[in-house]
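S.K.: Got a file for you: final05.cif, mmCIF, C-alpha atoms, pLDDT in the B column; chains and numbers go by the auth columns.
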```cif
data_protein
#
loop_
_atom_site.group_PDB
_atom_site.id
_atom_site.type_symbol
_atom_site.label_atom_id
_atom_site.label_comp_id
_atom_site.label_asym_id
_atom_site.label_seq_id
_atom_site.Cartn_x
_atom_site.Cartn_y
_atom_site.Cartn_z
_atom_site.B_iso_or_equiv
_atom_site.auth_seq_id
_atom_site.auth_asym_id
ATOM 1 C CA VAL A 1 41.527 2.517 -64.677 70.00 19 U
ATOM 2 C CA LEU A 2 38.911 2.443 -61.910 72.00 20 U
ATOM 3 C CA LEU A 3 41.546 3.294 -59.315 75.00 21 U
ATOM 4 C CA ASP A 4 42.694 6.221 -61.462 76.00 22 U
ATOM 5 C CA GLN A 5 39.087 7.485 -61.657 75.00 23 U
ATOM 6 C CA TYR A 6 38.776 7.030 -57.915 75.00 24 U
ATOM 7 C CA ALA A 7 42.040 8.939 -57.370 76.00 25 U
ATOM 8 C CA LEU A 8 40.673 11.913 -59.325 77.00 26 U
ATOM 9 C CA PHE A 9 37.487 11.816 -57.259 77.00 27 U
ATOM 10 C CA GLY A 10 39.535 11.564 -54.064 76.00 28 U
ATOM 11 C CA ARG A 11 41.756 14.489 -54.980 78.00 29 U
ATOM 12 C CA ARG A 12 38.673 16.621 -55.594 82.00 30 U
ATOM 13 C CA GLU A 13 36.326 15.458 -52.799 83.00 31 U
ATOM 14 C CA ALA A 14 38.474 14.255 -49.866 84.00 32 U
ATOM 15 C CA ILE A 15 37.879 15.759 -46.442 88.00 33 U
ATOM 16 C CA SER A 16 40.130 15.771 -43.401 89.00 34 U
ATOM 17 C CA PRO A 17 40.605 12.590 -41.360 90.00 35 U
ATOM 18 C CA LYS A 18 38.580 12.207 -38.176 91.00 36 U
ATOM 19 C CA SER A 19 40.396 10.336 -35.401 93.00 37 U
ATOM 20 C CA ALA A 20 37.262 10.373 -33.253 95.00 38 U
ATOM 21 C CA LEU A 21 35.391 8.440 -35.966 95.00 39 U
ATOM 22 C CA THR A 22 37.915 5.617 -35.787 96.00 40 U
ATOM 23 C CA ALA A 23 37.722 5.507 -31.990 96.00 41 U
ATOM 24 C CA SER A 24 33.911 5.434 -32.124 97.00 42 U
ATOM 25 C CA ALA A 25 33.925 2.715 -34.775 97.00 43 U
ATOM 26 C CA ILE A 26 36.232 0.515 -32.713 97.00 44 U
ATOM 27 C CA GLU A 27 34.015 1.037 -29.677 97.00 45 U
ATOM 28 C CA THR A 28 30.870 0.166 -31.663 97.00 46 U
ATOM 29 C CA VAL A 29 32.325 -3.049 -33.084 97.00 47 U
ATOM 30 C CA CYS A 30 33.830 -4.080 -29.747 96.00 48 U
ATOM 31 C CA GLN A 31 30.518 -3.530 -27.957 96.00 49 U
ATOM 32 C CA CYS A 32 28.544 -5.352 -30.629 96.00 50 U
ATOM 33 C CA ALA A 33 30.934 -8.268 -31.197 96.00 51 U
ATOM 34 C CA PRO A 34 33.920 -8.162 -28.811 96.00 52 U
ATOM 35 C CA ASP A 35 35.354 -11.488 -29.977 95.00 53 U
ATOM 36 C CA SER A 36 34.918 -10.822 -33.702 96.00 54 U
ATOM 37 C CA VAL A 37 37.856 -10.830 -36.092 96.00 55 U
ATOM 38 C CA PRO A 38 37.680 -7.018 -36.642 96.00 56 U
ATOM 39 C CA ALA A 39 37.573 -6.339 -32.878 97.00 57 U
ATOM 40 C CA ARG A 40 40.551 -8.613 -32.256 97.00 58 U
ATOM 41 C CA ILE A 41 42.533 -7.045 -35.103 96.00 59 U
ATOM 42 C CA ALA A 42 41.705 -3.538 -33.823 96.00 60 U
ATOM 43 C CA HIS A 43 42.999 -4.441 -30.355 96.00 61 U
ATOM 44 C CA LYS A 44 46.177 -6.059 -31.637 96.00 62 U
ATOM 45 C CA HIS A 45 46.904 -3.261 -34.124 95.00 63 U
ATOM 46 C CA ALA A 46 45.683 -0.298 -32.044 95.00 64 U
ATOM 47 C CA ALA A 47 48.630 1.935 -33.004 94.00 65 U
ATOM 48 C CA ALA A 48 47.974 1.366 -36.719 94.00 66 U
ATOM 49 C CA PHE A 49 44.282 2.154 -36.242 95.00 67 U
ATOM 50 C CA ASP A 50 45.188 5.398 -34.449 93.00 68 U
ATOM 51 C CA MET A 51 47.497 6.353 -37.302 91.00 69 U
ATOM 52 C CA ILE A 52 44.867 5.527 -39.948 92.00 70 U
ATOM 53 C CA GLY A 53 42.245 7.580 -38.124 93.00 71 U
ATOM 54 C CA ALA A 54 44.606 10.545 -37.937 92.00 72 U
ATOM 55 C CA ARG A 55 45.982 10.375 -41.489 89.00 73 U
ATOM 56 C CA VAL A 56 43.544 8.765 -43.932 89.00 74 U
ATOM 57 C CA LYS A 57 41.156 11.217 -45.530 88.00 75 U
ATOM 58 C CA LEU A 58 37.452 10.565 -45.940 91.00 76 U
ATOM 59 C CA LEU A 59 35.414 10.592 -49.149 87.00 77 U
ATOM 60 C CA PRO A 60 31.726 10.470 -49.935 85.00 78 U
ATOM 61 C CA ALA A 61 31.343 6.740 -50.551 85.00 79 U
ATOM 62 C CA HIS A 62 29.516 5.086 -53.424 81.00 80 U
ATOM 63 C CA GLY A 63 28.068 2.834 -50.756 77.00 81 U
ATOM 64 C CA ASP A 64 27.474 -0.387 -52.649 78.00 82 U
ATOM 65 C CA LEU A 65 30.185 -0.681 -55.248 79.00 83 U
ATOM 66 C CA SER A 66 30.001 -4.106 -56.851 77.00 84 U
ATOM 67 C CA ALA A 67 30.636 -5.631 -60.248 77.00 85 U
ATOM 68 C CA GLN A 68 27.044 -4.774 -61.188 82.00 86 U
ATOM 69 C CA ASN A 69 27.856 -1.076 -60.726 82.00 87 U
ATOM 70 C CA VAL A 70 30.754 -1.013 -63.150 82.00 88 U
ATOM 71 C CA PHE A 71 29.777 -0.218 -66.730 85.00 89 U
ATOM 72 C CA VAL A 72 32.245 -0.652 -69.590 87.00 90 U
ATOM 73 C CA CYS A 73 31.912 1.812 -72.442 87.00 91 U
ATOM 74 C CA GLY A 74 34.433 2.229 -75.210 88.00 92 U
ATOM 75 C CA GLY A 75 36.742 -0.201 -73.437 85.00 93 U
ATOM 76 C CA GLN A 76 36.791 1.958 -70.277 83.00 94 U
ATOM 77 C CA PRO A 77 35.138 0.959 -66.986 81.00 95 U
ATOM 78 C CA TRP A 78 32.941 3.542 -65.269 80.00 96 U
ATOM 79 C CA ILE A 79 31.372 3.414 -61.834 80.00 97 U
ATOM 80 C CA ILE A 80 27.604 3.944 -62.059 83.00 98 U
ATOM 81 C CA ASP A 81 24.617 3.959 -59.677 82.00 99 U
ATOM 82 C CA TRP A 82 25.634 6.644 -57.225 74.00 100 U
ATOM 83 C CA ASP A 83 22.122 6.953 -55.740 74.00 101 U
ATOM 84 C CA THR A 84 23.206 5.541 -52.350 69.00 102 U
ATOM 85 C CA ALA A 85 26.358 7.682 -52.183 73.00 103 U
ATOM 86 C CA GLY A 86 27.085 10.125 -49.462 75.00 104 U
ATOM 87 C CA SER A 87 28.340 8.926 -46.091 82.00 105 U
ATOM 88 C CA PRO A 88 32.013 9.871 -45.649 88.00 106 U
ATOM 89 C CA GLN A 89 34.178 6.764 -45.473 90.00 107 U
ATOM 90 C CA PRO A 90 37.961 6.235 -45.453 91.00 108 U
ATOM 91 C CA LEU A 91 39.838 6.567 -48.725 84.00 109 U
ATOM 92 C CA LEU A 92 39.554 3.304 -50.663 83.00 110 U
ATOM 93 C CA TYR A 93 36.454 2.219 -48.725 88.00 111 U
ATOM 94 C CA ASP A 94 34.581 1.550 -51.976 86.00 112 U
ATOM 95 C CA VAL A 95 37.482 -0.491 -53.353 85.00 113 U
ATOM 96 C CA PHE A 96 37.654 -2.531 -50.147 87.00 114 U
ATOM 97 C CA TYR A 97 33.852 -2.913 -50.136 86.00 115 U
ATOM 98 C CA LEU A 98 34.030 -4.331 -53.659 86.00 116 U
ATOM 99 C CA VAL A 99 36.785 -6.749 -52.632 87.00 117 U
ATOM 100 C CA LEU A 100 34.878 -7.917 -49.532 88.00 118 U
ATOM 101 C CA ARG A 101 31.601 -8.217 -51.434 85.00 119 U
ATOM 102 C CA GLU A 102 33.174 -10.332 -54.167 86.00 120 U
ATOM 103 C CA ALA A 103 34.874 -12.556 -51.533 87.00 121 U
ATOM 104 C CA GLU A 104 31.529 -12.949 -49.789 84.00 122 U
ATOM 105 C CA LEU A 105 29.979 -14.037 -53.101 85.00 123 U
ATOM 106 C CA GLY A 106 32.615 -16.741 -53.542 86.00 124 U
ATOM 107 C CA ARG A 107 35.271 -14.816 -55.435 87.00 125 U
ATOM 108 C CA PRO A 108 38.151 -14.383 -52.981 89.00 126 U
ATOM 109 C CA ASP A 109 40.779 -13.798 -55.705 91.00 127 U
ATOM 110 C CA LEU A 110 40.474 -10.001 -55.461 88.00 128 U
ATOM 111 C CA LEU A 111 40.883 -10.138 -51.694 91.00 129 U
ATOM 112 C CA GLN A 112 43.865 -12.424 -52.065 91.00 130 U
ATOM 113 C CA ALA A 113 45.394 -10.063 -54.651 92.00 131 U
ATOM 114 C CA ILE A 114 45.047 -7.138 -52.214 91.00 132 U
ATOM 115 C CA LEU A 115 46.511 -9.168 -49.346 91.00 133 U
ATOM 116 C CA ASP A 116 49.358 -10.520 -51.487 92.00 134 U
ATOM 117 C CA GLY A 117 50.355 -7.006 -52.568 91.00 135 U
ATOM 118 C CA VAL A 118 49.501 -7.455 -56.240 92.00 136 U
ATOM 119 C CA LEU A 119 47.835 -4.024 -56.316 87.00 137 U
ATOM 120 C CA ASP A 120 50.236 -2.205 -53.975 90.00 138 U
ATOM 121 C CA ALA A 121 51.577 0.153 -56.664 87.00 139 U
ATOM 122 C CA GLU A 122 48.024 1.194 -57.593 84.00 140 U
ATOM 123 C CA LEU A 123 47.011 1.606 -53.935 85.00 141 U
ATOM 124 C CA ASP A 124 50.114 3.702 -53.261 85.00 142 U
ATOM 125 C CA ARG A 125 49.196 5.916 -56.239 81.00 143 U
ATOM 126 C CA MET A 126 45.734 6.364 -54.710 79.00 144 U
ATOM 127 C CA TYR A 127 47.155 7.458 -51.377 81.00 145 U
ATOM 128 C CA ALA A 128 49.678 9.759 -53.069 81.00 146 U
ATOM 129 C CA ALA A 129 46.861 11.375 -55.075 73.00 147 U
ATOM 130 C CA CYS A 130 45.250 12.298 -51.758 72.00 148 U
ATOM 131 C CA ASP A 131 48.427 13.702 -50.183 75.00 149 U
ATOM 132 C CA LEU A 132 49.636 10.617 -48.326 75.00 150 U
ATOM 133 C CA SER A 133 53.156 9.541 -49.187 72.00 151 U
ATOM 134 C CA ALA A 134 52.179 5.858 -49.123 71.00 152 U
ATOM 135 C CA ARG A 135 49.752 3.417 -47.590 76.00 153 U
ATOM 136 C CA PRO A 136 49.950 4.026 -43.851 75.00 154 U
ATOM 137 C CA CYS A 137 50.008 0.318 -42.961 83.00 155 U
ATOM 138 C CA ASP A 138 49.232 -3.200 -44.125 89.00 156 U
ATOM 139 C CA ASN A 139 46.344 -3.730 -46.550 91.00 157 U
ATOM 140 C CA LEU A 140 44.355 -6.039 -44.265 93.00 158 U
ATOM 141 C CA VAL A 141 44.485 -3.531 -41.410 94.00 159 U
ATOM 142 C CA LEU A 142 43.297 -0.805 -43.824 93.00 160 U
ATOM 143 C CA LEU A 143 40.503 -3.090 -45.002 93.00 161 U
ATOM 144 C CA VAL A 144 39.385 -3.891 -41.447 95.00 162 U
ATOM 145 C CA HIS A 145 39.488 -0.186 -40.555 95.00 163 U
ATOM 146 C CA SER A 146 37.267 0.661 -43.531 93.00 164 U
ATOM 147 C CA TYR A 147 34.864 -2.119 -42.606 93.00 165 U
ATOM 148 C CA MET A 148 34.651 -0.914 -38.997 95.00 166 U
ATOM 149 C CA ILE A 149 33.894 2.673 -40.052 94.00 167 U
ATOM 150 C CA HIS A 150 31.178 1.347 -42.369 91.00 168 U
ATOM 151 C CA PHE A 151 29.711 -0.875 -39.644 94.00 169 U
ATOM 152 C CA HIS A 152 29.707 2.022 -37.176 95.00 170 U
ATOM 153 C CA THR A 153 28.037 4.323 -39.713 92.00 171 U
ATOM 154 C CA ILE A 154 25.221 1.902 -40.513 91.00 172 U
ATOM 155 C CA LYS A 155 24.781 0.967 -36.844 94.00 173 U
ATOM 156 C CA CYS A 156 24.394 4.654 -35.903 94.00 174 U
ATOM 157 C CA ALA A 157 21.890 5.067 -38.760 91.00 175 U
ATOM 158 C CA GLY A 158 19.807 2.241 -37.304 93.00 176 U
ATOM 159 C CA LYS A 159 20.204 -0.080 -40.300 90.00 177 U
ATOM 160 C CA ARG A 160 18.999 -3.640 -39.712 90.00 178 U
ATOM 161 C CA ASP A 161 22.081 -5.295 -41.164 87.00 179 U
ATOM 162 C CA ALA A 162 24.423 -3.768 -38.554 92.00 180 U
ATOM 163 C CA THR A 163 24.267 -6.826 -36.332 94.00 181 U
ATOM 164 C CA ARG A 164 26.729 -9.036 -34.560 94.00 182 U
ATOM 165 C CA HIS A 165 25.476 -11.953 -36.645 94.00 183 U
ATOM 166 C CA ASN A 166 26.210 -10.250 -39.978 91.00 184 U
ATOM 167 C CA LEU A 167 29.588 -8.997 -38.782 92.00 185 U
ATOM 168 C CA GLU A 168 30.623 -12.454 -37.601 92.00 186 U
ATOM 169 C CA LEU A 169 29.136 -14.196 -40.648 90.00 187 U
ATOM 170 C CA LEU A 170 31.329 -12.224 -43.037 89.00 188 U
ATOM 171 C CA TRP A 171 34.508 -12.233 -40.969 92.00 189 U
ATOM 172 C CA ASN A 172 34.288 -15.890 -39.933 90.00 190 U
ATOM 173 C CA ARG A 173 34.448 -16.731 -43.645 87.00 191 U
ATOM 174 C CA LEU A 174 37.408 -14.399 -44.080 89.00 192 U
ATOM 175 C CA GLN A 175 39.222 -15.497 -40.927 90.00 193 U
ATOM 176 C CA GLN A 176 41.588 -17.731 -42.873 89.00 194 U
ATOM 177 C CA HIS A 177 43.030 -14.584 -44.465 88.00 195 U
ATOM 178 C CA CYS A 178 43.482 -12.918 -41.065 90.00 196 U
ATOM 179 C CA VAL A 179 45.432 -15.547 -39.130 89.00 197 U
ATOM 180 C CA GLY A 180 48.693 -13.606 -39.011 88.00 198 U
ATOM 181 C CA TYR A 181 46.910 -10.490 -37.745 89.00 199 U
ATOM 182 C CA LEU A 182 45.047 -11.989 -34.787 88.00 200 U
#
```
Rewrite the structure from the file as structure tokens, please.

M.R.:
Amino acid sequence: VLLDQYALFGRREAISPKSALTASAIETVCQCAPDSVPARIAHKHAAAFDMIGARVKLLPAHGDLSAQNVFVCGGQPWIIDWDTAGSPQPLLYDVFYLVLREAELGRPDLLQAILDGVLDAELDRMYAACDLSARPCDNLVLLVHSYMIHFHTIKCAGKRDATRHNLELLWNRLQQHCVGYL
């Protein structure tokens, strides 16, 4: 249901992809943490990153989607707390943020479900709703791309948490899920 709501939002609010944003994000992460998991994945999957940057539309992001920001009313979940929304991020950024945040908090089952393809039909529906015939590449590469755009955005905004330490802290914990991509 949340993905369906997100698809409606995406259909209405999506803006054109920005290849230069992807290139800048890769440069930012590689300068900040050249040996990090995201930097290594970006180098190994450069063609996929180029394709994502050219094809995946951007949306104003919720910014901190987590379980605490999902309200259930009448049996339907609704995303609340849009006060930090705004910065354009790749389609599904908020979904991937939620998955990464829950994995970081000790609940890796959502991440594993994404990586195992359990939600592929729903993700494909999301991309189709925003005029992409299907997901442009593997889910982990899409997730890393979204993370890199986010990191670049907060680094450019001068946010304190855009550090090598925080980047490596998260991705070192997730490295076990990335082995085949490095």

S.K.: List, as number ranges by chain, every residue that the PyMOL selection byres ((chain U and resi 66) around 9) selects in the file provided.

M.R.: U: 60, 63-65, 67-71, 154-156, 159-160

S.K.: May I have the residues from that selection written out with C-alpha atoms, as a compact mmCIF listing (two decimals), in the coordinates of the input?

M.R.:
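The file below, out12.txt, is the result:
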```txt
# COMPACT_ATOMS: atom_id res chain seq x y z
CA ALA U 60 41.70 -3.54 -33.82
CA HIS U 63 46.90 -3.26 -34.12
CA ALA U 64 45.68 -0.30 -32.04
CA ALA U 65 48.63 1.94 -33.00
CA PHE U 67 44.28 2.15 -36.24
CA ASP U 68 45.19 5.40 -34.45
CA MET U 69 47.50 6.35 -37.30
CA ILE U 70 44.87 5.53 -39.95
CA GLY U 71 42.24 7.58 -38.12
CA PRO U 154 49.95 4.03 -43.85
CA CYS U 155 50.01 0.32 -42.96
CA ASP U 156 49.23 -3.20 -44.12
CA VAL U 159 44.48 -3.53 -41.41
CA LEU U 160 43.30 -0.80 -43.82
```

S.K.: Calculate how many Å separate CA of Ser34 (chain U) from CA of Tyr199 (chain U), rounding to one decimal.

M.R.: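 Taking CA of Ser34 (chain U) as the start and CA of Tyr199 (chain U) as the end point, the length is 27.7 Å.
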
S.K.: Could you make a table, as a tab-separated table, of the residues of region 79-135 of chain U that have an atom within 12 Å of an atom of region 147-152 of chain U, each with its nearest atom pair and distance in Å to one decimal, counting all atoms listed in the file, in chain and number order?

M.R.:
```
residue	atom	partner	partner_atom	distance
U:Pro108	CA	U:Cys148	CA	11.4
U:Leu109	CA	U:Cys148	CA	8.4
U:Leu110	CA	U:Cys148	CA	10.7
```

S.K.: Determine the residue membership of the PyMOL selection byres ((chain U and resi 105) around 8) for the file above and supply it as a PyMOL selection string.

M.R.: chain U and resi 77-79+81+103-104+106-107+171

S.K.: With the PyMOL selection byres ((chain U and resi 86-96) around 12) as the selection, what would be picked from this file? Answer as a JSON list (two decimals) with C-alpha atoms, keeping the file's coordinate frame, please.

M.R.:
```
[["chain", "number", "residue", "atom", "x", "y", "z"],
["U", 19, "VAL", "CA", 41.53, 2.52, -64.68],
["U", 20, "LEU", "CA", 38.91, 2.44, -61.91],
["U", 21, "LEU", "CA", 41.55, 3.29, -59.32],
["U", 22, "ASP", "CA", 42.69, 6.22, -61.46],
["U", 23, "GLN", "CA", 39.09, 7.48, -61.66],
["U", 24, "TYR", "CA", 38.78, 7.03, -57.92],
["U", 80, "HIS", "CA", 29.52, 5.09, -53.42],
["U", 81, "GLY", "CA", 28.07, 2.83, -50.76],
["U", 82, "ASP", "CA", 27.47, -0.39, -52.65],
["U", 83, "LEU", "CA", 30.18, -0.68, -55.25],
["U", 84, "SER", "CA", 30.00, -4.11, -56.85],
["U", 85, "ALA", "CA", 30.64, -5.63, -60.25],
["U", 97, "ILE", "CA", 31.37, 3.41, -61.83],
["U", 98, "ILE", "CA", 27.60, 3.94, -62.06],
["U", 99, "ASP", "CA", 24.62, 3.96, -59.68],
["U", 100, "TRP", "CA", 25.63, 6.64, -57.22],
["U", 101, "ASP", "CA", 22.12, 6.95, -55.74],
["U", 102, "THR", "CA", 23.21, 5.54, -52.35],
["U", 112, "ASP", "CA", 34.58, 1.55, -51.98],
["U", 113, "VAL", "CA", 37.48, -0.49, -53.35],
["U", 116, "LEU", "CA", 34.03, -4.33, -53.66],
["U", 119, "ARG", "CA", 31.60, -8.22, -51.43],
["U", 120, "GLU", "CA", 33.17, -10.33, -54.17]]
```

S.K.: I'd like the neighbourhood of region 131-139 of chain U as a ChimeraX atom specification, where a residue qualifies if any of its atoms comes within 9 Å (using only C-alpha atoms), though same-chain residues fewer than 6 positions away should be ignored.

M.R.: /U:114,117,153,156-158,195

S.K.: With a distance cut-off of 6 Å and all atoms listed in the file, select the neighbouring residues of region 40-46 of chain U, excluding the residue or stretch itself and same-chain residues fewer than 5 positions from it, and output the selection as a list in words.

M.R.: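 That gives Gly71, Met166, Ile167 and His170 of chain U.
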
S.K.: Between CA of Val55 (chain U) and CA of Leu185 (chain U), what is the distance, to one decimal in Å?

M.R.: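 Computing the Euclidean distance for CA of Val55 (chain U) and CA of Leu185 (chain U) yields 8.9 Å.
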
S.K.: Suppose you want the space between CA of Phe169 (chain U) and CA of Gln193 (chain U); what is it in Å?

M.R.: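 Computed distance, CA of Phe169 (chain U) to CA of Gln193 (chain U), equals 17.5 Å.
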
S.K.: Might you pull out every residue within 12 Å of Arg191 (chain U), with all atoms listed in the file counted and same-chain residues fewer than 3 positions away left off, and present them as an mmCIF file with C-alpha atoms, in the coordinates of the input?

M.R.:
```cif
data_model
loop_
_atom_site.group_PDB
_atom_site.id
_atom_site.type_symbol
_atom_site.label_atom_id
_atom_site.label_comp_id
_atom_site.auth_asym_id
_atom_site.auth_seq_id
_atom_site.Cartn_x
_atom_site.Cartn_y
_atom_site.Cartn_z
ATOM 1 C CA SER U 54 34.918 -10.822 -33.702
ATOM 2 C CA VAL U 55 37.856 -10.830 -36.092
ATOM 3 C CA LEU U 118 34.878 -7.917 -49.532
ATOM 4 C CA ARG U 119 31.601 -8.217 -51.434
ATOM 5 C CA ALA U 121 34.874 -12.556 -51.533
ATOM 6 C CA GLU U 122 31.529 -12.949 -49.789
ATOM 7 C CA LEU U 123 29.979 -14.037 -53.101
ATOM 8 C CA GLY U 124 32.615 -16.741 -53.542
ATOM 9 C CA ARG U 125 35.271 -14.816 -55.435
ATOM 10 C CA PRO U 126 38.151 -14.383 -52.981
ATOM 11 C CA ASN U 184 26.210 -10.250 -39.978
ATOM 12 C CA LEU U 185 29.588 -8.997 -38.782
ATOM 13 C CA GLU U 186 30.623 -12.454 -37.601
ATOM 14 C CA LEU U 187 29.136 -14.196 -40.648
ATOM 15 C CA LEU U 188 31.329 -12.224 -43.037
ATOM 16 C CA GLN U 194 41.588 -17.731 -42.873
ATOM 17 C CA HIS U 195 43.030 -14.584 -44.465
ATOM 18 C CA CYS U 196 43.482 -12.918 -41.065
ATOM 19 C CA VAL U 197 45.432 -15.547 -39.130
#
```

S.K.: Report as an MDAnalysis selection string all protein, DNA and RNA residues lying within 7 Å of Ala72 (chain U), evaluated on only C-alpha atoms, omitting residues in the same chain fewer than 6 positions from it.

M.R.: chainID U and resid 35:37

S.K.: Once 8 Å is added on each side, what are the centre and the three edge lengths, in Å to one decimal, of the axis-aligned box enclosing the listed atoms of region 104-117 of chain U? Present them as AutoDock Vina command-line options.

M.R.:
```
--center_x 33.5 --center_y 1.7 --center_z -49.6 --size_x 28.8 --size_y 32.9 --size_z 24.2
```

S.K.: Have a look at U:Arg182, U:Leu192, U:Leu128, U:Ser164 and name the one nearest to Pro52 (chain U); count all atoms listed in the file.

M.R.: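 Nearest candidate to Pro52 (chain U) out of U:Arg182, U:Leu192, U:Leu128, U:Ser164: U:Arg182.
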
S.K.: Out of U:Arg58, U:Ala32, U:Gln49, U:Lys173, which residue has the shortest atom-to-atom distance to Lys75 (chain U) when counting all atoms listed in the file?

M.R.: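 Among the listed residues, the smallest separation from Lys75 (chain U) belongs to U:Ala32.
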